[in-house]
Amino acid sequence: MFQIDRWIRPTVVGVLLMALGVSGNAAVACTATEMSRTEDGFIKKIVAGSDKIVAYDSPEATTEVFRLELLQPYFVICETDEYLRISDLEALSVAEAEAGLTGFVRKDQSYDWPTREALAFSDLAFLGNRPEIVAWDDRATLRSFIETGDDATHAPSFRENIDATLRRTRDARPYPVLASDEAMLLGRTPRRTFDVLLPAALRPTDAVVFDEADLERATQALTSATIVIAFDSTGSMESFALSVAESLKASFAELPEDVLSVLKLGFVFYRDVGDEVPLETTPPLPVDQAVEILIAAAANMYGGGDPAEPILDATYYAAHLYEWPEDAGRKIVVSILNEDAKASTIGEVDPGDNVPTGLDAIGVARSLFEDSIPIIAVQAGPSRGQYLDQVLGTLASETEGVYIRWEDGLNQAEIADALSGQLQSRATAEIAEGRAVAAQISTFEGSAVVPLDIVDGEKLERLREAGVAFNIDLGEDGILVQPGYMMEAADLLVPQIRVDKRTLLELINLMSVLAVTGVDSESMRRSVQQSLAAIAGEETNPAETIAQTLQRQLGIQFRSGLLEFNLEFLDALTPTERASFGRRLQEAAQGLDMFLNANLEELDRNPWVWMPVSALP
C-alpha cells in the first residue's frame with residue numbers, strides 16, 4: 001500500500017477547503033493576451049493535487065465552474081502569486097483557451113507538468129500475477145538502489161496496490177512524467193529513471209455504496225458461480241461425455257449443500273458446420289440436473305468428419321452470446337475439444353451469425369479476459385492436430401485459466417477427473433471469496449456499504465451485470481496525487497508523449513529539411529532555421545542543439561542522439577557523412593509520417609493522441 005503520510009505536500013492538505021468553497025485572502029483576477037509559459041518557453045500546464053480540486057470563477061471562490069479530473073492536464077492562461085487561471089483546452093492562444101472551461105485554482109493545490117511525456121500501462125499491468133509497480137520518494141535513494149540492488153536498505157516508499165490497478169480501465173490516464181534521466185543498473189545496464197506523479201492508495205473510508213434494496217441481489221451476485229461448458233459433441237465424443245458426467249456427479253456430490261445450491265452448470269454443444277444442428281445450448285441448471293442433460297446428450301452425439309473443430313466460435317459464443325442469468329455470479333467457461341481446432345473463428349456455427357469471423361485464439365481469449373472469465377481448456381482425446389495445443393493453450397494462459405492435456409498414459413476417466421477437480425476447487429474458492437466480501441457489507445444511512453479495498457474489478461462487474469446500481473465513494477479526502485521517482489519497467493509501463501497534429505507535421509517537416517543533402521549549406525541553414533522558428537516561435541539559440549531547442553519548446557525529450565547537434569555541425573560534414581546522416585533523418589521523418597497517417601482519424605476527432613516514445617527519432 002502507498003505510504004501517503006510521507007508524500008503529501010503540506011499545501012495539498014488544504015484541498016478540502018477549496019472543495020467546500022473556502023478560500024484564503026482575496027486576490028485580483030489575472031488577465032493575459034498570451035498563454036503562460038515556463039522559463040523554457042513551453043506552455044505551462046498543471047495536474048490537480050487530488051480528485052477533489054475545484055476551479056472557481058474567481059480567486060474568491062464564489063461560484064464553482066468545474067472539478068479537475070485526476071491526472072488530467074490543464075493549461076495555464078495566466079497567474080498571480082497564489083492563483084492560476086486555467087483552461088481544459090490545450091491551446092496556443094488565450095482566445096482558443098477561453099473557448100473551453102476556465103477557472104481559478106490555487107497554485108499550492110497543483111503540480112507543474114513541464115513535459116509531454118507520461119507512463120502508460122501496458123497490457124501486462126492488468127494481469128494480477130506480476131510484480132507490483134514501486135517508486136521512491138527521492139532520487140538519491142533510487143540512485144543508491146540502482147547502484148547496489150539492495151532494496152532492503154534503499155527500499156521504495158511507494159508500492160502499487162495491484163487490485164486498484166486492475167479496477168482501472170484500459171484507457172486510464174497514464175502517470176505524468178516531470179523529468180527523466182539515465183543511470184547504470186549495478187554499474188552495467190543502462191536504465192532510465194522517471195520523476196512522475198502518482199495517484200495515492202485506497203483509504204479506509206473508500207467504499208462501494210448501493211441501495212439497501214439491492215442488498216439481496218448484490219449478495220446473490222457475489223456468492224454464486226455459473227459454469228458453461230463448450231462441448232465438442234461430434235460422434236466420437238460419446239464415451240468422453242459419459243466419463244465427464246460420471247466424474248462431475250461424483251465430485252460435486254462431495255460439496256456442501258450450501259455451495260451446491262448456488263452453483264449452476266450450462267452447456268454449449270457444438271459440431272461441424274455442415275452438421276444438421278451445428279450449435280445448441282442448455283440453460284444453467286443445478287449440477288445434478290445438468291449432469292443428467294449431459295448423459296442424455298451423450299447418446300445423441302453425431303456428425304463430425306472435419307477433424308478441425310470450431311472451438312473458438314463455441315468459446316466466444318459461451319462467453320458473450322450465451323444467456324447468462326442475472327445472478328450468474330462468477331463466470332467460468334470450459335472448452336472441450338477432440339482432434340484439432342480451427343485456427344480462427346469462422347462465424348458459421350452460431351445460428352444468429354453473431355460470432356465475428358477471423359478472431360484467433362488471442363483475440364477470443366482477450367475478450368474473455370477483459371470480462372474476467374477464465375477458461376479451463378480440455379484436450380478430450382489422444383490425437384493432437386496442428387492447432388490444438390496452440391489454441392487450447394492460448395485460451396487457458398491468456399485468461400488465467402488452465403489447460404488439461406491428454407498426456408501419455410492418461411485415459412478418459414483421468415482427464416474427466418482432472419476437469420471435475422478443477423471445477424470443484426475453482427467454484428468453491430470463488431464462492432468462498434464472494435462470501436467473504438458479502439460478509440463485510442454493512443448498512444450506513446440507508447445504504448449498503450462494502451470497503452473498496454476488498455472488491456476487485458471482477459466482483460464490481462458481477463454487481464453491474466446483476467443490475468445493482470452503485471457508486472464508489474472515495475471518502476472525504478479523495479485520491480491525492482504525489483510525486484515519486486520510478487525506474488523503467490518496459491513490461492509494465494510504456495513511455496508515451498501527448499502529441500498534436502501540428503507538432504507532428506512540424507517535426508516531419510524539420511526532419512525532411514534536415515535530410516536534404518543536395519543543397520548548399522547556407523540554404524539548408526536558412527530552411528532549418530525557418531522550420532525551427534515555426535516550432536519554437538522565436539529565433540533559435542545557435543549555442544544549443546536542435547534536440548535542446550525541441551525539448552525546451554515542445555517538452556519532448558528525444559531518446560537517440562540523432563538531433564544532438566547545432567547548425568554549425570552541418571557545415572563540418574563531408575558529402576558522404578551528410579548523405580548517411582540524411583538517410584537516417586529521412587527514415588525518422590518517414591516513421592513519424594507513418595504514425596501520423598495511422599492516427600489521422602483519431603486526430604480529426606481529438607486535438608491530440610498518445611504516441612509511444614519509441615516512435616520518436
# chains A, B, ... in the order shown; residues from 1 in each chain; ligands from 1

$ select_by_dssp --residues "stretch 391-521 of chain A" --states "strand (DSSP E)" --output "ChimeraX atom specification"
/A:402-404,442-444,447-451,470-473,481-487,493-500

$ residues_around --residues "A:Ser372" --least-positions-apart "4" --cutoff "10 Å" --atoms "only C-alpha atoms" --output "JSON, numbers by chain"
{"A": [330, 331, 332, 366, 367, 368, 399, 400, 457, 458, 459, 461, 462]}

$ write_last_selection --atoms "C-alpha atoms" --output "PDB file, in the first residue's frame"
ATOM      1  CA  ARG A 330     -18.593 -15.829 -11.002  1.00  0.00           C
ATOM      2  CA  LYS A 331     -18.480 -16.952 -14.650  1.00  0.00           C
ATOM      3  CA  ILE A 332     -16.242 -19.816 -15.762  1.00  0.00           C
ATOM      4  CA  ARG A 366      -8.564 -11.292 -24.636  1.00  0.00           C
ATOM      5  CA  SER A 367     -12.278 -10.664 -24.938  1.00  0.00           C
ATOM      6  CA  LEU A 368     -12.860 -13.163 -22.113  1.00  0.00           C
ATOM      7  CA  THR A 399      -7.434 -15.842 -19.404  1.00  0.00           C
ATOM      8  CA  GLU A 400      -5.531 -17.038 -16.324  1.00  0.00           C
ATOM      9  CA  GLY A 457     -12.839  -5.357 -10.733  1.00  0.00           C
ATOM     10  CA  GLU A 458     -14.380  -8.751 -11.487  1.00  0.00           C
ATOM     11  CA  LYS A 459     -16.725  -8.530  -8.500  1.00  0.00           C
ATOM     12  CA  GLU A 461     -18.589  -6.278 -12.886  1.00  0.00           C
ATOM     13  CA  ARG A 462     -20.713  -9.002 -11.299  1.00  0.00           C
TER      14      ARG A 462
END

$ select_by_dssp --residues "stretch 302-346 of chain A" --states "alpha helix (DSSP H)" --output "compact mmCIF listing (two decimals) with N, CA and C atoms, in the first residue's frame"
# COMPACT_ATOMS: atom_id res chain seq x y z
N ILE A 311 -13.84 -24.64 -32.17
CA ILE A 311 -13.84 -24.43 -30.73
C ILE A 311 -13.82 -22.94 -30.38
N LEU A 312 -13.16 -22.13 -31.20
CA LEU A 312 -13.09 -20.69 -30.90
C LEU A 312 -14.47 -20.05 -31.04
N ASP A 313 -15.25 -20.47 -32.05
CA ASP A 313 -16.62 -19.96 -32.19
C ASP A 313 -17.45 -20.34 -30.97
N ALA A 314 -17.32 -21.60 -30.55
CA ALA A 314 -18.12 -22.08 -29.42
C ALA A 314 -17.72 -21.37 -28.12
N THR A 315 -16.42 -21.12 -27.95
CA THR A 315 -15.95 -20.44 -26.74
C THR A 315 -16.44 -18.99 -26.72
N TYR A 316 -16.33 -18.32 -27.86
CA TYR A 316 -16.81 -16.94 -27.94
C TYR A 316 -18.32 -16.90 -27.64

$ residues_around --residues "A:Tyr317" --least-positions-apart "2" --cutoff "12 Å" --atoms "only C-alpha atoms" --output "compact mmCIF listing (two decimals) with C-alpha atoms, in the first residue's frame"
# COMPACT_ATOMS: atom_id res chain seq x y z
CA VAL A 228 -20.72 -23.04 -19.05
CA ILE A 229 -19.09 -25.94 -20.89
CA ALA A 230 -18.48 -25.64 -24.64
CA PHE A 231 -18.55 -29.36 -25.50
CA PHE A 267 -23.77 -26.37 -21.96
CA VAL A 268 -22.96 -25.15 -25.45
CA PHE A 269 -22.86 -28.26 -27.65
CA TYR A 270 -21.11 -27.63 -30.97
CA LEU A 279 -24.74 -25.47 -32.13
CA GLU A 280 -27.32 -25.85 -29.37
CA THR A 281 -27.43 -24.75 -25.76
CA PRO A 310 -14.80 -24.56 -34.40
CA ILE A 311 -13.84 -24.43 -30.73
CA LEU A 312 -13.09 -20.69 -30.90
CA ASP A 313 -16.62 -19.96 -32.19
CA ALA A 314 -18.12 -22.08 -29.42
CA THR A 315 -15.95 -20.44 -26.74
CA ALA A 319 -18.76 -16.13 -23.12
CA HIS A 320 -20.66 -13.43 -24.96
CA LEU A 321 -23.84 -14.81 -26.55
CA TYR A 322 -24.97 -17.48 -24.09
CA GLU A 323 -27.93 -16.34 -21.96
CA TRP A 324 -26.18 -15.99 -18.63
CA VAL A 333 -16.06 -21.24 -19.30
CA VAL A 334 -14.82 -24.75 -20.12
CA SER A 335 -13.70 -25.51 -23.68
CA THR A 345 -13.45 -18.14 -35.76
CA GLY A 347 -18.73 -17.24 -37.94
CA GLU A 348 -20.85 -20.09 -39.35
CA VAL A 349 -21.68 -22.02 -36.18
CA ASP A 350 -23.89 -19.53 -34.35
CA PRO A 351 -27.45 -19.67 -35.74
CA GLY A 352 -27.73 -15.90 -35.28
CA ASP A 353 -24.44 -15.19 -37.12
CA ASN A 354 -23.27 -13.05 -34.21
CA VAL A 355 -19.81 -14.56 -33.78
CA PRO A 356 -17.28 -12.34 -35.61
CA VAL A 364 -11.05 -14.65 -28.30
CA SER A 367 -12.28 -10.66 -24.94
CA LEU A 368 -12.86 -13.16 -22.11

$ residues_around --residues "A:Gln557" --least-positions-apart "3" --cutoff "12 Å" --atoms "only C-alpha atoms" --output "ChimeraX atom specification"
/A:114-118,177-181,194,495-497,546-554,560-564,613-614,616-617

$ write_last_selection --atoms "N, CA and C atoms" --output "CSV table (one decimal), in the first residue's frame"
chain,number,residue,atom,x,y,z
A,114,PRO,N,5.9,19.8,-16.8
A,114,PRO,CA,6.6,20.5,-17.8
A,114,PRO,C,7.1,19.7,-19.1
A,115,THR,N,6.5,18.5,-19.3
A,115,THR,CA,6.8,17.7,-20.5
A,115,THR,C,5.5,17.3,-21.1
A,116,ARG,N,5.7,16.6,-22.3
A,116,ARG,CA,4.5,16.0,-22.9
A,116,ARG,C,4.5,14.5,-22.5
A,117,GLU,N,5.4,14.0,-21.8
A,117,GLU,CA,5.6,12.6,-21.5
A,117,GLU,C,4.7,12.1,-20.4
A,118,ALA,N,4.4,10.8,-20.5
A,118,ALA,CA,3.7,10.1,-19.4
A,118,ALA,C,4.0,8.6,-19.5
A,177,VAL,N,5.0,12.4,-16.6
A,177,VAL,CA,6.5,12.4,-16.4
A,177,VAL,C,6.9,13.8,-16.3
A,178,LEU,N,7.6,14.2,-15.1
A,178,LEU,CA,8.0,15.6,-14.9
A,178,LEU,C,9.5,15.7,-15.5
A,179,ALA,N,10.2,14.7,-15.4
A,179,ALA,CA,11.6,14.7,-16.0
A,179,ALA,C,12.1,13.2,-16.0
A,180,SER,N,13.2,13.0,-16.8
A,180,SER,CA,13.7,11.6,-16.8
A,180,SER,C,15.2,11.7,-16.9
A,181,ASP,N,15.9,10.6,-16.6
A,181,ASP,CA,17.3,10.6,-16.6
A,181,ASP,C,17.8,9.2,-16.9
A,194,PHE,N,12.5,7.9,-14.0
A,194,PHE,CA,11.4,8.9,-14.3
A,194,PHE,C,11.0,9.6,-13.0
A,495,PRO,N,6.6,4.4,-21.9
A,495,PRO,CA,6.7,5.9,-22.1
A,495,PRO,C,5.9,6.3,-23.3
A,496,GLN,N,5.1,7.4,-23.2
A,496,GLN,CA,4.4,7.9,-24.3
A,496,GLN,C,4.5,9.4,-24.2
A,497,ILE,N,4.2,10.1,-25.4
A,497,ILE,CA,4.1,11.5,-25.4
A,497,ILE,C,2.8,11.9,-25.9
A,546,ILE,N,19.7,21.2,-31.7
A,546,ILE,CA,18.3,21.1,-32.1
A,546,ILE,C,17.4,20.3,-31.1
A,547,ALA,N,18.0,19.2,-30.6
A,547,ALA,CA,17.3,18.5,-29.6
A,547,ALA,C,16.9,19.3,-28.3
A,548,GLN,N,17.9,20.2,-27.9
A,548,GLN,CA,17.6,21.0,-26.8
A,548,GLN,C,16.5,22.0,-27.0
A,549,THR,N,16.5,22.6,-28.3
A,549,THR,CA,15.5,23.6,-28.7
A,549,THR,C,14.1,22.9,-28.6
A,550,LEU,N,14.0,21.7,-29.2
A,550,LEU,CA,12.8,21.0,-29.2
A,550,LEU,C,12.3,20.6,-27.8
A,551,GLN,N,13.2,20.2,-27.0
A,551,GLN,CA,12.8,19.8,-25.6
A,551,GLN,C,12.3,21.0,-24.9
A,552,ARG,N,13.0,22.2,-25.1
A,552,ARG,CA,12.7,23.4,-24.4
A,552,ARG,C,11.3,23.9,-24.8
A,553,GLN,N,11.0,23.8,-26.1
A,553,GLN,CA,9.8,24.4,-26.6
A,553,GLN,C,8.6,23.4,-26.7
A,554,LEU,N,8.9,22.1,-26.9
A,554,LEU,CA,7.8,21.1,-27.0
A,554,LEU,C,7.7,20.2,-25.8
A,560,SER,N,17.3,9.2,-28.9
A,560,SER,CA,18.5,9.0,-29.6
A,560,SER,C,19.3,10.3,-29.7
A,561,GLY,N,20.6,10.2,-30.2
A,561,GLY,CA,21.4,11.4,-30.3
A,561,GLY,C,21.3,12.0,-31.7
A,562,LEU,N,20.3,11.6,-32.5
A,562,LEU,CA,20.2,12.0,-33.9
A,562,LEU,C,20.1,13.5,-34.0
A,563,LEU,N,19.5,14.2,-33.1
A,563,LEU,CA,19.3,15.6,-33.2
A,563,LEU,C,20.2,16.4,-32.2
A,564,GLU,N,21.2,15.7,-31.6
A,564,GLU,CA,22.1,16.3,-30.7
A,564,GLU,C,23.2,17.1,-31.4
A,613,VAL,N,7.0,6.7,-27.1
A,613,VAL,CA,8.2,7.4,-27.2
A,613,VAL,C,9.1,6.7,-28.2
A,614,SER,N,9.0,5.4,-28.3
A,614,SER,CA,9.8,4.6,-29.2
A,614,SER,C,9.6,5.1,-30.7
A,616,LEU,N,9.6,8.2,-31.6
A,616,LEU,CA,10.4,9.4,-31.8
A,616,LEU,C,11.8,9.0,-32.3
A,617,PRO,N,12.4,9.9,-33.1
A,617,PRO,CA,13.8,9.7,-33.5
A,617,PRO,C,14.8,9.8,-32.4

$ closest_residue --among "A:Glu488, A:Asp389, A:Glu96, A:Glu601" --to "A:Ile133" --atoms "only C-alpha atoms"
A:Glu488

$ atom_distance --atom1 "atom CA of A:Ser144" --atom2 "atom CA of A:Asp195"
15.7 Å

$ atom_distance --atom1 "atom CA of A:Ala99" --atom2 "atom CA of A:Ile86"
11.7 Å

$ closest_atom_pairs --of "stretch 334-409 of chain A" --to "stretch 420-433 of chain A" --cutoff "12 Å" --atoms "only C-alpha atoms" --output "Markdown table"
| residue | atom | partner | partner_atom | distance |
| --- | --- | --- | --- | --- |
| A:Val334 | CA | A:Leu423 | CA | 9.0 |
| A:Pro374 | CA | A:Arg426 | CA | 10.2 |
| A:Ile375 | CA | A:Leu423 | CA | 10.7 |
| A:Ile376 | CA | A:Gln422 | CA | 8.1 |
| A:Ala377 | CA | A:Gln422 | CA | 10.7 |
| A:Val378 | CA | A:Gln422 | CA | 11.0 |
| A:Gly401 | CA | A:Gln422 | CA | 9.9 |
| A:Val402 | CA | A:Gln422 | CA | 8.6 |
| A:Tyr403 | CA | A:Gln422 | CA | 10.4 |
| A:Ile404 | CA | A:Gln422 | CA | 9.4 |

$ write_last_selection --atoms "N, CA and C atoms" --output "PDB file, in the first residue's frame"
ATOM      1  N   VAL A 334     -15.632 -23.559 -19.834  1.00  0.00           N
ATOM      2  CA  VAL A 334     -14.823 -24.750 -20.116  1.00  0.00           C
ATOM      3  C   VAL A 334     -14.900 -25.027 -21.614  1.00  0.00           C
ATOM      4  N   PRO A 374     -12.299 -16.845 -16.775  1.00  0.00           N
ATOM      5  CA  PRO A 374     -11.213 -17.781 -17.051  1.00  0.00           C
ATOM      6  C   PRO A 374     -11.709 -18.965 -17.881  1.00  0.00           C
ATOM      7  N   ILE A 375     -10.806 -19.568 -18.643  1.00  0.00           N
ATOM      8  CA  ILE A 375     -11.143 -20.740 -19.454  1.00  0.00           C
ATOM      9  C   ILE A 375     -10.370 -21.948 -18.941  1.00  0.00           C
ATOM     10  N   ILE A 376     -11.084 -23.027 -18.723  1.00  0.00           N
ATOM     11  CA  ILE A 376     -10.459 -24.325 -18.489  1.00  0.00           C
ATOM     12  C   ILE A 376     -10.540 -25.076 -19.808  1.00  0.00           C
ATOM     13  N   ALA A 377      -9.400 -25.258 -20.446  1.00  0.00           N
ATOM     14  CA  ALA A 377      -9.350 -25.913 -21.758  1.00  0.00           C
ATOM     15  C   ALA A 377      -8.982 -27.382 -21.575  1.00  0.00           C
ATOM     16  N   VAL A 378      -9.693 -28.256 -22.283  1.00  0.00           N
ATOM     17  CA  VAL A 378      -9.532 -29.706 -22.092  1.00  0.00           C
ATOM     18  C   VAL A 378      -9.298 -30.384 -23.431  1.00  0.00           C
ATOM     19  N   GLY A 401      -6.517 -19.168 -16.934  1.00  0.00           N
ATOM     20  CA  GLY A 401      -7.198 -20.435 -16.686  1.00  0.00           C
ATOM     21  C   GLY A 401      -6.196 -21.572 -16.594  1.00  0.00           C
ATOM     22  N   VAL A 402      -6.596 -22.752 -17.073  1.00  0.00           N
ATOM     23  CA  VAL A 402      -5.714 -23.917 -17.015  1.00  0.00           C
ATOM     24  C   VAL A 402      -5.966 -24.783 -18.244  1.00  0.00           C
ATOM     25  N   TYR A 403      -4.914 -25.431 -18.742  1.00  0.00           N
ATOM     26  CA  TYR A 403      -5.012 -26.328 -19.890  1.00  0.00           C
ATOM     27  C   TYR A 403      -4.794 -27.752 -19.386  1.00  0.00           C
ATOM     28  N   ILE A 404      -5.807 -28.621 -19.523  1.00  0.00           N
ATOM     29  CA  ILE A 404      -5.707 -30.020 -19.114  1.00  0.00           C
ATOM     30  C   ILE A 404      -5.411 -30.845 -20.366  1.00  0.00           C
TER      31      ILE A 404
END

$ residues_around --residues "A:Pro174" --least-positions-apart "5" --cutoff "7 Å" --atoms "only C-alpha atoms" --output "ChimeraX atom specification"
/A:118-121

$ write_last_selection --atoms "N, CA and C atoms" --output "PDB file, in the first residue's frame"
ATOM      1  N   ALA A 118       4.421  10.803 -20.466  1.00  0.00           N
ATOM      2  CA  ALA A 118       3.711  10.101 -19.396  1.00  0.00           C
ATOM      3  C   ALA A 118       4.015   8.617 -19.517  1.00  0.00           C
ATOM      4  N   LEU A 119       3.816   7.879 -18.435  1.00  0.00           N
ATOM      5  CA  LEU A 119       3.996   6.428 -18.437  1.00  0.00           C
ATOM      6  C   LEU A 119       2.616   5.773 -18.474  1.00  0.00           C
ATOM      7  N   ALA A 120       2.361   5.039 -19.554  1.00  0.00           N
ATOM      8  CA  ALA A 120       1.069   4.380 -19.731  1.00  0.00           C
ATOM      9  C   ALA A 120       1.187   2.913 -19.345  1.00  0.00           C
ATOM     10  N   PHE A 121       0.083   2.344 -18.883  1.00  0.00           N
ATOM     11  CA  PHE A 121       0.070   0.919 -18.532  1.00  0.00           C
ATOM     12  C   PHE A 121       0.161   0.060 -19.783  1.00  0.00           C
TER      13      PHE A 121
END
